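input-v7.txt (compact mmCIF, C-alpha atoms) appears below.
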```txt
# COMPACT_ATOMS: atom_id res chain seq x y z
CA MET A 24 0.00 0.00 0.00
CA GLU A 25 1.56 3.22 -1.07
CA ARG A 26 0.69 6.50 0.49
CA LYS A 27 1.85 9.38 -1.58
CA ILE A 28 2.24 12.53 0.44
CA LYS A 29 0.85 15.59 -1.25
CA PHE A 30 2.36 18.49 0.59
CA ASN A 31 0.10 21.51 0.41
CA LYS A 32 -0.86 20.88 -3.17
CA THR A 33 -3.38 22.97 -5.07
CA LEU A 34 -6.04 21.09 -7.01
CA PRO A 35 -8.28 22.40 -9.81
CA LEU A 36 -11.31 24.19 -8.41
CA LYS A 37 -14.62 22.38 -8.29
CA ASN A 38 -17.05 25.09 -7.20
CA ILE A 39 -16.21 27.47 -10.07
CA ASP A 40 -16.64 26.61 -13.73
CA THR A 41 -13.07 27.24 -14.78
CA ALA A 42 -13.81 26.56 -18.45
CA LEU A 43 -15.58 29.93 -18.63
CA TYR A 44 -12.31 31.81 -18.29
CA PRO A 45 -9.99 32.12 -21.29
CA ALA A 46 -6.41 31.07 -20.60
CA ASP A 47 -4.83 34.45 -21.29
CA PHE A 48 -7.25 36.07 -18.82
CA ILE A 49 -6.29 33.56 -16.11
CA LEU A 50 -2.62 34.12 -16.81
CA CYS A 51 -3.06 37.90 -16.79
CA LYS A 52 -4.77 37.88 -13.39
CA ALA A 53 -2.22 35.48 -11.93
CA LEU A 54 0.53 37.78 -13.15
CA ASP A 55 -1.24 40.80 -11.62
CA ILE A 56 -1.01 39.13 -8.22
CA GLY A 57 2.57 38.04 -8.84
CA GLU A 58 3.58 41.51 -9.96
CA ASN A 59 2.13 43.07 -6.81
CA ILE A 60 3.87 40.53 -4.58
CA LEU A 61 7.16 41.29 -6.29
CA LYS A 62 6.58 45.03 -5.89
CA CYS A 63 6.16 44.76 -2.14
CA GLY A 64 9.22 42.65 -1.57
CA GLY A 65 8.26 38.99 -2.07
CA GLU A 66 10.93 36.47 -2.97
CA PRO A 67 11.07 35.19 -6.56
CA HIS A 68 10.27 31.60 -5.57
CA ARG A 69 7.15 32.80 -3.73
CA ILE A 70 5.95 34.48 -6.93
CA GLU A 71 6.64 31.39 -9.01
CA ASP A 72 4.72 29.33 -6.49
CA THR A 73 1.76 31.75 -6.35
CA ILE A 74 1.33 31.99 -10.11
CA GLU A 75 1.62 28.25 -10.53
CA ARG A 76 -1.02 27.65 -7.86
CA ILE A 77 -3.52 30.12 -9.35
CA CYS A 78 -3.09 28.72 -12.86
CA THR A 79 -3.42 25.15 -11.59
CA ALA A 80 -6.55 26.04 -9.66
CA TYR A 81 -8.08 27.38 -12.87
CA GLY A 82 -7.38 24.27 -14.85
CA ALA A 83 -3.95 24.75 -16.38
CA GLU A 84 -2.33 21.45 -17.12
CA HIS A 85 1.18 22.74 -17.01
CA THR A 86 2.61 26.05 -15.81
CA ASP A 87 6.10 27.43 -16.27
CA VAL A 88 7.04 30.53 -14.33
CA PHE A 89 10.37 32.22 -14.07
CA ALA A 90 10.63 35.22 -11.78
CA LEU A 91 13.52 37.61 -11.37
CA PRO A 92 13.66 40.67 -9.11
CA SER A 93 12.61 42.79 -12.10
CA LEU A 94 10.81 40.44 -14.47
CA ILE A 95 8.23 37.66 -14.49
CA ILE A 96 7.85 35.26 -17.41
CA ALA A 97 4.94 32.83 -17.30
CA GLY A 98 3.48 30.31 -19.69
CA VAL A 99 0.54 27.91 -19.35
CA ARG A 100 -0.68 24.90 -21.27
CA MET A 101 -4.41 24.35 -20.91
CA ALA A 102 -6.26 21.06 -20.98
CA ASP A 103 -7.14 21.54 -24.68
CA GLY A 104 -3.47 21.79 -25.59
CA LYS A 105 -3.33 25.54 -26.25
CA THR A 106 -0.37 27.42 -24.84
CA PHE A 107 -0.13 31.04 -23.76
CA SER A 108 2.69 33.08 -22.33
CA GLN A 109 3.00 36.55 -20.91
CA VAL A 110 5.78 38.73 -19.58
CA ARG A 111 5.69 41.39 -16.84
CA ARG A 112 8.38 43.93 -16.20
CA VAL A 113 8.61 45.35 -12.68
CA TYR A 114 10.55 48.55 -12.22
CA LYS A 115 10.37 49.44 -8.59
CA THR A 116 10.29 47.31 -5.47
CA ALA A 117 9.95 48.33 -1.84
CA ASN A 118 9.45 46.39 1.35
CA ASN A 119 5.79 46.59 2.32
CA MET A 120 4.97 43.52 4.37
CA TYR A 121 1.37 44.53 5.03
CA ARG A 122 0.56 44.61 1.32
CA LEU A 123 2.50 41.39 0.77
CA GLU A 124 0.32 39.72 3.36
CA LEU A 125 -2.88 41.04 1.74
CA MET A 126 -1.76 39.85 -1.71
CA ASN A 127 -0.86 36.47 -0.29
CA ASP A 128 -4.31 36.32 1.27
CA ILE A 129 -5.99 37.14 -2.06
CA SER A 130 -4.03 34.43 -3.87
CA ARG A 131 -4.90 31.91 -1.17
CA LYS A 132 -8.59 32.78 -1.46
CA ILE A 133 -8.42 32.45 -5.24
CA CYS A 134 -6.97 28.97 -4.90
CA GLU A 135 -9.75 28.03 -2.48
CA GLY A 136 -12.39 29.42 -4.83
CA LYS A 137 -13.57 32.12 -2.42
CA ILE A 138 -12.72 34.91 -4.85
CA SER A 139 -13.45 34.46 -8.53
CA LEU A 140 -11.07 35.85 -11.11
CA ASP A 141 -13.57 38.57 -12.07
CA ASP A 142 -13.23 40.15 -8.64
CA VAL A 143 -9.44 40.11 -8.55
CA ASP A 144 -9.09 43.63 -9.91
CA SER A 145 -11.37 45.16 -7.30
CA GLU A 146 -9.73 43.11 -4.54
CA ILE A 147 -6.27 44.31 -5.55
CA LYS A 148 -7.53 47.88 -5.71
CA LYS A 149 -9.04 47.53 -2.24
CA ALA A 150 -5.81 46.06 -0.87
CA MET A 151 -3.75 48.88 -2.39
CA GLY A 152 -5.91 51.43 -0.56
CA MET A 153 -5.54 49.80 2.85
CA LYS A 154 -2.91 51.11 5.24
CA PRO A 155 -1.71 49.30 8.40
CA PHE A 156 -1.20 52.58 10.28
CA ASN A 157 -0.76 56.29 9.81
CA ARG A 158 2.10 56.80 7.38
CA TYR A 159 3.85 59.26 9.70
CA LEU A 160 4.39 56.42 12.17
CA ALA A 161 7.18 55.29 9.81
CA LEU A 162 9.19 58.23 11.18
CA LEU A 163 9.00 56.61 14.63
CA GLY A 164 10.30 53.41 13.04
CA GLY A 165 13.38 55.24 11.78
CA VAL A 166 13.96 56.84 15.18
CA LEU A 167 13.65 53.53 17.07
CA GLY A 168 15.72 51.60 14.52
CA ALA A 169 18.66 54.00 14.40
CA GLY A 170 18.64 54.78 18.14
CA GLY A 171 18.35 51.12 19.12
CA PHE A 172 21.23 50.03 16.91
CA ALA A 173 23.48 52.79 18.23
CA VAL A 174 23.14 51.20 21.70
CA PHE A 175 23.17 47.65 20.32
CA PHE A 176 26.62 48.12 18.79
CA GLY A 177 27.96 49.53 22.04
CA GLY A 178 27.07 53.23 22.18
CA THR A 179 25.78 55.35 25.02
CA LEU A 180 22.35 56.95 25.41
CA TYR A 181 23.63 60.24 23.95
CA ASP A 182 24.82 58.32 20.88
CA ALA A 183 21.35 56.82 20.63
CA LEU A 184 19.80 60.28 20.77
CA ALA A 185 22.05 61.60 18.00
CA ALA A 186 21.49 58.48 15.87
CA ALA A 187 17.75 58.79 16.43
CA ILE A 188 17.75 62.36 15.10
CA ALA A 189 19.80 61.28 12.07
CA GLY A 190 17.40 58.37 11.61
CA PHE A 191 14.48 60.79 11.73
CA VAL A 192 16.02 62.88 8.94
CA VAL A 193 16.63 59.78 6.80
CA SER A 194 13.04 58.59 7.39
CA VAL A 195 11.63 61.99 6.36
CA PHE A 196 13.45 61.63 3.04
CA ASN A 197 12.31 58.03 2.65
CA LEU A 198 8.72 58.93 3.49
CA HIS A 199 8.35 61.72 1.01
CA LYS A 200 10.20 59.85 -1.74
CA VAL A 201 12.22 62.93 -2.61
CA LYS A 202 13.23 62.56 -6.23
CA PHE A 203 16.97 62.44 -6.79
CA GLY A 204 16.96 60.83 -10.22
CA SER A 205 18.02 57.18 -10.23
CA GLN A 206 17.75 54.74 -7.32
CA MET A 207 21.52 54.56 -6.94
CA PHE A 208 21.88 58.31 -6.75
CA TYR A 209 19.02 58.42 -4.25
CA THR A 210 20.93 55.99 -2.03
CA ILE A 211 24.04 58.17 -2.19
CA ALA A 212 22.05 61.30 -1.37
CA VAL A 213 20.14 59.79 1.55
CA SER A 214 23.24 58.26 3.13
CA PHE A 215 25.10 61.54 2.60
CA ILE A 216 22.37 63.46 4.38
CA GLY A 217 22.14 60.90 7.21
CA ALA A 218 25.89 60.93 7.77
CA LEU A 219 26.01 64.72 7.57
CA THR A 220 23.30 65.01 10.24
CA GLY A 221 25.22 62.64 12.51
CA LEU A 222 28.49 64.52 12.01
CA ILE A 223 26.90 67.92 12.64
CA LEU A 224 25.29 66.64 15.84
CA PHE A 225 28.62 65.18 16.96
CA ARG A 226 30.35 68.49 16.26
CA ILE A 227 27.74 70.35 18.29
CA GLY A 228 28.50 68.01 21.16
CA LEU A 229 25.70 65.45 21.19
CA GLY A 230 26.94 61.89 21.46
CA ASP A 231 30.17 60.31 22.69
CA ASN A 232 31.25 57.98 19.87
CA ILE A 233 30.94 59.08 16.26
CA ASP A 234 31.27 55.41 15.19
CA MET A 235 28.09 54.36 16.99
CA ILE A 236 26.06 57.28 15.67
CA MET A 237 27.13 56.45 12.13
CA ILE A 238 26.47 52.72 12.54
CA GLY A 239 22.96 53.42 13.83
CA THR A 240 22.29 55.61 10.80
CA ILE A 241 23.90 53.17 8.36
CA MET A 242 21.51 50.38 9.39
CA LEU A 243 18.62 52.40 7.97
CA VAL A 244 20.16 52.88 4.54
CA ILE A 245 21.86 49.57 3.84
CA PRO A 246 19.43 47.12 2.29
CA GLY A 247 18.56 45.13 5.45
CA LEU A 248 18.84 41.49 4.65
CA ALA A 249 19.45 41.79 0.90
CA PHE A 250 22.83 40.09 1.15
CA GLY A 251 21.54 37.26 3.32
CA ASN A 252 18.53 36.84 1.03
CA ALA A 253 20.81 36.71 -2.01
CA VAL A 254 22.91 33.98 -0.42
CA ARG A 255 19.74 32.12 0.50
CA ASP A 256 18.45 32.31 -3.09
CA LEU A 257 21.82 31.11 -4.41
CA LEU A 258 21.82 28.14 -2.04
CA PHE A 259 18.15 27.46 -2.76
CA GLY A 260 18.85 27.03 -6.47
CA ASP A 261 17.53 30.37 -7.78
CA THR A 262 20.97 31.16 -9.11
CA VAL A 263 20.04 33.95 -11.50
CA SER A 264 17.88 35.94 -9.09
CA GLY A 265 20.44 35.29 -6.34
CA ILE A 266 23.21 36.78 -8.45
CA ILE A 267 21.07 39.78 -9.38
CA GLN A 268 20.23 40.45 -5.72
CA LEU A 269 23.86 39.96 -4.74
CA VAL A 270 25.06 42.51 -7.28
CA GLN A 271 22.30 44.92 -6.23
CA ALA A 272 23.21 44.54 -2.55
CA ILE A 273 26.90 45.11 -3.20
CA LEU A 274 26.15 48.13 -5.40
CA VAL A 275 23.89 49.68 -2.77
CA ALA A 276 26.48 49.04 -0.05
CA VAL A 277 29.12 50.75 -2.22
CA MET A 278 26.77 53.68 -2.81
CA VAL A 279 26.08 54.00 0.92
CA ALA A 280 29.83 53.99 1.55
CA PHE A 281 30.21 56.65 -1.13
CA GLY A 282 27.62 58.90 0.51
CA PHE A 283 29.12 58.44 3.98
CA ILE A 284 32.66 59.03 2.75
CA ALA A 285 31.56 62.21 0.97
CA ALA A 286 30.03 63.52 4.21
CA ILE A 287 33.12 62.58 6.22
CA MET A 288 35.39 64.25 3.63
CA ILE A 289 33.48 67.50 4.05
CA PHE A 290 33.96 67.35 7.80
CA GLY A 291 37.55 66.15 7.27
CA GLY A 292 39.76 64.99 10.08
CA VAL A 293 37.17 63.12 12.10
CA PHE A 294 39.28 59.99 11.80
CA LYS A 295 42.65 61.63 12.21
CA MET B 23 25.86 40.68 32.37
CA MET B 24 24.26 44.12 32.54
CA PRO B 25 25.68 45.42 29.25
CA PHE B 26 24.26 42.36 27.48
CA VAL B 27 20.79 43.02 28.89
CA ILE B 28 20.92 46.64 27.75
CA LYS B 29 22.15 45.57 24.31
CA ILE B 30 19.41 42.97 23.99
CA ILE B 31 16.75 45.52 24.97
CA ALA B 32 18.19 47.92 22.40
CA GLY B 33 18.14 45.14 19.80
CA VAL B 34 14.46 44.44 20.47
CA ILE B 35 13.61 48.16 20.28
CA SER B 36 15.33 48.49 16.91
CA THR B 37 13.61 45.31 15.72
CA VAL B 38 10.26 46.94 16.44
CA GLY B 39 11.50 50.07 14.68
CA PHE B 40 12.28 48.04 11.59
CA ALA B 41 8.95 46.24 11.86
CA ILE B 42 7.37 49.70 11.47
CA ILE B 43 9.70 50.60 8.59
CA PHE B 44 8.80 47.35 6.78
CA ARG B 45 5.10 48.17 7.32
CA LEU B 46 4.08 45.20 9.44
CA LYS B 47 0.56 45.08 10.79
CA PRO B 48 0.49 46.44 14.38
CA SER B 49 -0.77 43.07 15.63
CA HIS B 50 2.39 41.42 14.24
CA TRP B 51 4.83 43.72 16.00
CA VAL B 52 4.85 41.47 19.09
CA PHE B 53 5.89 38.46 17.01
CA ALA B 54 8.62 40.47 15.33
CA ALA B 55 9.85 41.66 18.73
CA VAL B 56 9.99 38.07 20.05
CA ASP B 57 11.90 37.12 16.90
CA GLY B 58 14.34 39.97 17.45
CA LEU B 59 14.74 38.98 21.11
CA VAL B 60 15.58 35.41 20.13
CA ALA B 61 18.05 36.64 17.51
CA CYS B 62 19.85 38.93 19.99
CA VAL B 63 19.91 36.42 22.86
CA CYS B 64 21.14 33.60 20.59
CA TYR B 65 23.77 35.83 19.03
CA PHE B 66 25.23 36.91 22.37
CA ALA B 67 24.89 33.45 23.94
CA PHE B 68 26.63 31.69 21.05
CA THR B 69 29.29 34.40 20.88
CA VAL B 70 30.14 33.64 24.51
CA LEU B 71 29.78 29.86 24.17
CA ILE B 72 31.37 29.23 20.77
CA GLY B 73 33.15 32.44 19.87
CA GLY B 74 34.16 33.55 16.41
CA VAL B 75 31.89 35.20 13.86
CA PHE B 76 30.42 32.55 11.59
CA TRP B 77 28.72 30.11 13.96
CA PRO B 78 27.02 32.61 16.31
CA ASN B 79 25.47 34.37 13.33
CA ALA B 80 24.55 31.18 11.49
CA LEU B 81 22.95 29.55 14.53
CA ALA B 82 21.13 32.73 15.55
CA ALA B 83 19.81 33.10 11.98
CA LEU B 84 18.81 29.42 11.97
CA LEU B 85 16.82 29.66 15.21
CA THR B 86 15.25 33.00 14.27
CA ALA B 87 14.24 31.77 10.85
CA PHE B 88 12.79 28.58 12.31
CA LEU B 89 10.76 30.58 14.82
CA THR B 90 9.66 32.75 11.91
CA GLU B 91 8.27 29.71 10.11
CA ILE B 92 6.27 28.80 13.23
CA PHE B 93 4.91 32.36 13.55
CA ALA B 94 4.03 32.31 9.85
CA ARG B 95 1.99 29.17 10.46
CA ILE B 96 0.25 30.71 13.49
CA CYS B 97 -0.60 34.01 11.77
CA LYS B 98 -1.20 32.49 8.31
CA ALA B 99 1.19 35.05 6.83
CA PRO B 100 4.22 34.64 4.55
CA SER B 101 7.38 33.94 6.54
CA THR B 102 9.25 36.92 5.04
CA VAL B 103 6.98 39.19 7.07
CA PHE B 104 8.68 38.14 10.31
CA LEU B 105 12.05 37.21 8.87
CA LEU B 106 13.00 40.69 7.65
CA PRO B 107 12.65 42.52 11.00
CA GLY B 108 13.62 39.44 13.02
CA CYS B 109 17.05 39.00 11.49
CA ILE B 110 17.82 42.71 11.18
CA ALA B 111 19.86 42.71 14.40
CA LEU B 112 22.30 40.26 12.80
CA VAL B 113 22.97 42.45 9.76
CA PRO B 114 26.65 43.43 9.83
CA GLY B 115 26.19 47.20 9.81
CA GLY B 116 29.01 47.77 12.27
CA THR B 117 31.70 45.93 10.32
CA LEU B 118 30.52 47.55 7.09
CA TYR B 119 31.07 50.96 8.67
CA TYR B 120 34.52 50.00 9.98
CA THR B 121 35.43 48.71 6.51
CA MET B 122 34.54 52.12 5.11
CA SER B 123 36.23 54.19 7.77
CA ASN B 124 39.43 52.13 7.58
CA PHE B 125 39.52 52.46 3.80
CA LEU B 126 39.16 56.18 4.23
CA SER B 127 42.03 56.41 6.70
CA GLU B 128 44.07 54.12 4.40
CA ASN B 129 44.37 51.18 6.81
CA TYR B 130 43.94 48.75 3.92
CA SER B 131 44.80 45.58 5.84
CA GLU B 132 42.22 46.33 8.55
CA ALA B 133 39.70 47.43 5.95
CA SER B 134 39.97 44.16 4.01
CA GLU B 135 39.74 42.23 7.27
CA TYR B 136 36.47 43.97 8.17
CA LEU B 137 35.23 43.46 4.61
CA LEU B 138 35.83 39.72 4.88
CA VAL B 139 34.00 39.63 8.21
CA THR B 140 31.05 41.48 6.64
CA VAL B 141 30.88 38.96 3.79
CA GLU B 142 31.26 36.07 6.24
CA VAL B 143 28.34 37.30 8.36
CA GLY B 144 26.19 37.70 5.23
CA VAL B 145 26.96 34.13 4.13
CA ALA B 146 26.30 32.89 7.68
CA ILE B 147 22.88 34.54 7.80
CA GLY B 148 21.94 33.18 4.36
CA GLY B 149 23.12 29.72 5.34
CA GLY B 150 21.18 29.83 8.60
CA ILE B 151 17.98 30.86 6.83
CA ILE B 152 18.30 28.11 4.22
CA LEU B 153 18.95 25.49 6.90
CA ALA B 154 15.83 26.63 8.74
CA SER B 155 13.66 26.29 5.64
CA ILE B 156 15.06 22.80 4.94
CA LEU B 157 14.36 21.86 8.54
CA ARG B 158 10.83 23.21 8.30
CA LEU B 159 10.11 21.16 5.17
CA ALA B 160 11.46 18.02 6.79
CA ILE B 161 9.52 18.49 10.03
CA PHE B 162 6.21 19.45 8.40
CA LYS B 163 6.49 16.52 6.00
CA PHE B 164 7.14 14.25 8.96
CA ILE B 165 4.05 15.61 10.76
CA GLU B 166 1.99 15.13 7.60
CA ARG B 167 3.21 11.54 7.34
CA VAL B 168 2.34 10.84 10.98
CA LYS B 169 -1.14 12.31 10.47
CA LEU B 170 -1.69 10.14 7.37
CA ASN B 171 -0.57 7.01 9.19
CA THR B 172 -2.77 7.58 12.21
CA LYS B 173 -5.89 8.16 10.14
```
Structure encoded using structure tokens:
Amino acid sequence: MERKIKFNKTLPLKNIDTALYPADFILCKALDIGENILKCGGEPHRIEDTIERICTAYGAEHTDVFALPSLIIAGVRMADGKTFSQVRRVYKTANNMYRLELMNDISRKICEGKISLDDVDSEIKKAMGMKPFNRYLALLGGVLGAGGFAVFFGGTLYDALAAAIAGFVVSVFNLHKVKFGSQMFYTIAVSFIGALTGLILFRIGLGDNIDMIMIGTIMLVIPGLAFGNAVRDLLFGDTVSGIIQLVQAILVAVMVAFGFIAAIMIFGGVFK
Amino acid sequence: MMPFVIKIIAGVISTVGFAIIFRLKPSHWVFAAVDGLVACVCYFAFTVLIGGVFWPNALAALLTAFLTEIFARICKAPSTVFLLPGCIALVPGGTLYYTMSNFLSENYSEASEYLLVTVEVGVAIGGGIILASILRLAIFKFIERVKLNTK
């Protein structure tokens, strides 16, 4: 007697007549969800999984998805043998876990048949309009993050205060999405401004160790876990997206260093 | 002992800060804070017990990521939601800064040393996370098998 274990597998829906939906429509809606997950910081393999599940639920016999941090390619083969493929280009990603959760919820409900594909557009629109909290609370996040890390890496309370003010300045820039041209230049500018704030505060006399103030500020601008995520993707087998994320992480780190060094140069002699 | 407690509290506070920056739902902040607490405590404990750089980070990342998978099951949310703020305390911001500052003051040997440590910590975190997800798959498959057999 053989018991095959089906781990969390999606089956074609029974309560919805999936034959009513044309294949390119199914693929388009699945890609809409995938695109939104990618935009709010989902991993490529999560997107591949989501799209495959939605297409399978709506009767696709075979689904091929390939997701990169900036591109999704998907193709389906339906039961009647017809094949379709579509491509989505994604330009800008940001970490928004609340929206990621909502999108994940929508895709789960689609696979369970609780939301039909006709309602996906309105559901996505509704999810885009929902906010977890007042957007100005993100400023508090920057203050807590920078101040906490100043102490975490061995600073005093005065260091934490200075780092918190620098973190506040960085968060204001992040919140209002001040346009500085390209993403890379934006990173340089934000880290320059954060470092400059820290240095000015240190010159005025707030804070005991310039190192700790700068480290607290740097944690806000370096791409959190991007390097760890890249290594994870590489080890997981998503070599291409792992390499892309690795290069992005290294580039951003270099840009942050560039911005900090520029600020230190202006204040010259801090390290001498 | 006291400095460790203060550092751990600071780590948890900054974890909550990053939970806000990553736009977590307010009801999930507690889970993120617990995750951050585990990451900080494990990091300091393994630094004292084992020493070095690689293993404390890898083991802390492993335990944090595994806890993340459990929280994801409880809250029915993707695991990234808790992983990003949870592991933030392990991110090598300090060594990255020292790499930079040493390059600037032309201490190239120290700078490259700090650079290598930064890369090592990154690899350790990635390795810890991947181990946790392998472990999760194995354990959940085992539970599934037990459930099937007892039916």
Long-range neighbours of range 104-106 of chain B as a compact mmCIF listing (two decimals) with C-alpha atoms, keeping the file's coordinate frame, 7 Å cut-off, all atoms listed in the file, 5 positions minimum in chain:
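Saved file result-v8.txt follows:
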```
# COMPACT_ATOMS: atom_id res chain seq x y z
CA LEU A 248 18.84 41.49 4.65
CA ALA B 54 8.62 40.47 15.33
CA ALA B 87 14.24 31.77 10.85
CA THR B 90 9.66 32.75 11.91
```
Select, from A:Thr210, A:Asn127, A:Gln268, A:Ser139, the residue with the minimum atom-to-atom distance to chain B, counting all atoms listed in the file. A:Asn127
Using all atoms listed in the file, find each residue in chain A having at least one atom no more than 8 Å away from chain B; report its shortest atom-to-atom pair and that distance in Å (one decimal), rows by chain then rising number, as a tab-separated table.
```
residue	atom	partner	partner_atom	distance
A:Ile28	CA	B:Arg167	CA	7.0
A:Phe30	CA	B:Lys163	CA	7.1
A:Gly65	CA	B:Thr102	CA	7.5
A:Asn118	CA	B:Phe44	CA	5.6
A:Asn119	CA	B:Arg45	CA	5.3
A:Met120	CA	B:Leu46	CA	5.4
A:Tyr121	CA	B:Leu46	CA	5.2
A:Leu123	CA	B:Pro100	CA	7.9
A:Glu124	CA	B:Ala99	CA	5.9
A:Asn127	CA	B:Pro100	CA	7.3
A:Asp128	CA	B:Ala99	CA	7.9
A:Pro155	CA	B:Lys47	CA	5.4
A:Phe156	CA	B:Pro48	CA	7.6
A:Leu160	CA	B:Ile42	CA	7.4
A:Ala161	CA	B:Ile43	CA	5.5
A:Leu163	CA	B:Gly39	CA	7.0
A:Gly164	CA	B:Gly39	CA	3.9
A:Gly165	CA	B:Gly39	CA	6.2
A:Val166	CA	B:Gly39	CA	7.2
A:Leu167	CA	B:Gly39	CA	4.7
A:Gly168	CA	B:Ser36	CA	3.9
A:Ala169	CA	B:Ser36	CA	6.9
A:Gly170	CA	B:Ser36	CA	7.2
A:Gly171	CA	B:Ser36	CA	4.6
A:Phe172	CA	B:Ser36	CA	6.1
A:Val174	CA	B:Ala32	CA	6.0
A:Phe175	CA	B:Lys29	CA	4.6
A:Phe176	CA	B:Gly116	CA	7.0
A:Gly177	CA	B:Lys29	CA	7.4
A:Asp234	CA	B:Tyr119	CA	7.9
A:Met237	CA	B:Tyr119	CA	7.6
A:Ile238	CA	B:Gly116	CA	5.6
A:Ile241	CA	B:Gly115	CA	6.6
A:Met242	CA	B:Gly115	CA	5.7
A:Ile245	CA	B:Gly115	CA	7.7
A:Gly247	CA	B:Ile110	CA	6.3
A:Leu248	CA	B:Leu106	CA	6.6
A:Phe250	CA	B:Gly144	CA	5.8
A:Gly251	CA	B:Gly148	CA	4.2
A:Asn252	CA	B:Gly148	CA	6.0
A:Ala253	CA	B:Gly148	CA	7.4
A:Val254	CA	B:Gly148	CA	4.9
A:Arg255	CA	B:Gly148	CA	4.6
A:Leu258	CA	B:Ile152	CA	7.2
A:Phe259	CA	B:Ile152	CA	7.0
A:Ala280	CA	B:Met122	CA	6.2
A:Ile284	CA	B:Leu126	CA	7.3
A:Phe294	CA	B:Ser127	CA	6.8
A:Lys295	CA	B:Ser127	CA	7.6
```
Pull C-alpha atoms from the residues just selected and write them as a PDB file, in the frame of the given file.
```
ATOM      1  CA  ILE A  28       2.240  12.530   0.440  1.00  0.00           C
ATOM      2  CA  PHE A  30       2.360  18.490   0.590  1.00  0.00           C
ATOM      3  CA  GLY A  65       8.260  38.990  -2.070  1.00  0.00           C
ATOM      4  CA  ASN A 118       9.450  46.390   1.350  1.00  0.00           C
ATOM      5  CA  ASN A 119       5.790  46.590   2.320  1.00  0.00           C
ATOM      6  CA  MET A 120       4.970  43.520   4.370  1.00  0.00           C
ATOM      7  CA  TYR A 121       1.370  44.530   5.030  1.00  0.00           C
ATOM      8  CA  LEU A 123       2.500  41.390   0.770  1.00  0.00           C
ATOM      9  CA  GLU A 124       0.320  39.720   3.360  1.00  0.00           C
ATOM     10  CA  ASN A 127      -0.860  36.470  -0.290  1.00  0.00           C
ATOM     11  CA  ASP A 128      -4.310  36.320   1.270  1.00  0.00           C
ATOM     12  CA  PRO A 155      -1.710  49.300   8.400  1.00  0.00           C
ATOM     13  CA  PHE A 156      -1.200  52.580  10.280  1.00  0.00           C
ATOM     14  CA  LEU A 160       4.390  56.420  12.170  1.00  0.00           C
ATOM     15  CA  ALA A 161       7.180  55.290   9.810  1.00  0.00           C
ATOM     16  CA  LEU A 163       9.000  56.610  14.630  1.00  0.00           C
ATOM     17  CA  GLY A 164      10.300  53.410  13.040  1.00  0.00           C
ATOM     18  CA  GLY A 165      13.380  55.240  11.780  1.00  0.00           C
ATOM     19  CA  VAL A 166      13.960  56.840  15.180  1.00  0.00           C
ATOM     20  CA  LEU A 167      13.650  53.530  17.070  1.00  0.00           C
ATOM     21  CA  GLY A 168      15.720  51.600  14.520  1.00  0.00           C
ATOM     22  CA  ALA A 169      18.660  54.000  14.400  1.00  0.00           C
ATOM     23  CA  GLY A 170      18.640  54.780  18.140  1.00  0.00           C
ATOM     24  CA  GLY A 171      18.350  51.120  19.120  1.00  0.00           C
ATOM     25  CA  PHE A 172      21.230  50.030  16.910  1.00  0.00           C
ATOM     26  CA  VAL A 174      23.140  51.200  21.700  1.00  0.00           C
ATOM     27  CA  PHE A 175      23.170  47.650  20.320  1.00  0.00           C
ATOM     28  CA  PHE A 176      26.620  48.120  18.790  1.00  0.00           C
ATOM     29  CA  GLY A 177      27.960  49.530  22.040  1.00  0.00           C
ATOM     30  CA  ASP A 234      31.270  55.410  15.190  1.00  0.00           C
ATOM     31  CA  MET A 237      27.130  56.450  12.130  1.00  0.00           C
ATOM     32  CA  ILE A 238      26.470  52.720  12.540  1.00  0.00           C
ATOM     33  CA  ILE A 241      23.900  53.170   8.360  1.00  0.00           C
ATOM     34  CA  MET A 242      21.510  50.380   9.390  1.00  0.00           C
ATOM     35  CA  ILE A 245      21.860  49.570   3.840  1.00  0.00           C
ATOM     36  CA  GLY A 247      18.560  45.130   5.450  1.00  0.00           C
ATOM     37  CA  LEU A 248      18.840  41.490   4.650  1.00  0.00           C
ATOM     38  CA  PHE A 250      22.830  40.090   1.150  1.00  0.00           C
ATOM     39  CA  GLY A 251      21.540  37.260   3.320  1.00  0.00           C
ATOM     40  CA  ASN A 252      18.530  36.840   1.030  1.00  0.00           C
ATOM     41  CA  ALA A 253      20.810  36.710  -2.010  1.00  0.00           C
ATOM     42  CA  VAL A 254      22.910  33.980  -0.420  1.00  0.00           C
ATOM     43  CA  ARG A 255      19.740  32.120   0.500  1.00  0.00           C
ATOM     44  CA  LEU A 258      21.820  28.140  -2.040  1.00  0.00           C
ATOM     45  CA  PHE A 259      18.150  27.460  -2.760  1.00  0.00           C
ATOM     46  CA  ALA A 280      29.830  53.990   1.550  1.00  0.00           C
ATOM     47  CA  ILE A 284      32.660  59.030   2.750  1.00  0.00           C
ATOM     48  CA  PHE A 294      39.280  59.990  11.800  1.00  0.00           C
ATOM     49  CA  LYS A 295      42.650  61.630  12.210  1.00  0.00           C
TER      50      LYS A 295
END
```
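Distance annotation: of B:Val52, B:Leu157, B:Val70, B:Val27, the residue with the minimal separation from Cys97 in chain B is B:Val52; atom set is only C-alpha atoms.
The gap separating CA of Lys115 in chain A from CA of Thr262 in chain A is 21.1 Å, in Å to one decimal.
Here CA of Gln206 in chain A and CA of Trp51 in chain B stand 28.8 Å from one another.
You can rank A:Ser93, A:Thr116, A:Ser194, A:Thr33 by their closest distance to Val263 in chain A using all atoms listed in the file, and at the top of that list sits A:Ser93.
When all atoms listed in the file are used to compute distances to Lys105 in chain A, the closest of the residues A:Phe89, A:Lys149, A:Thr79, A:Pro45 turns out to be A:Pro45.
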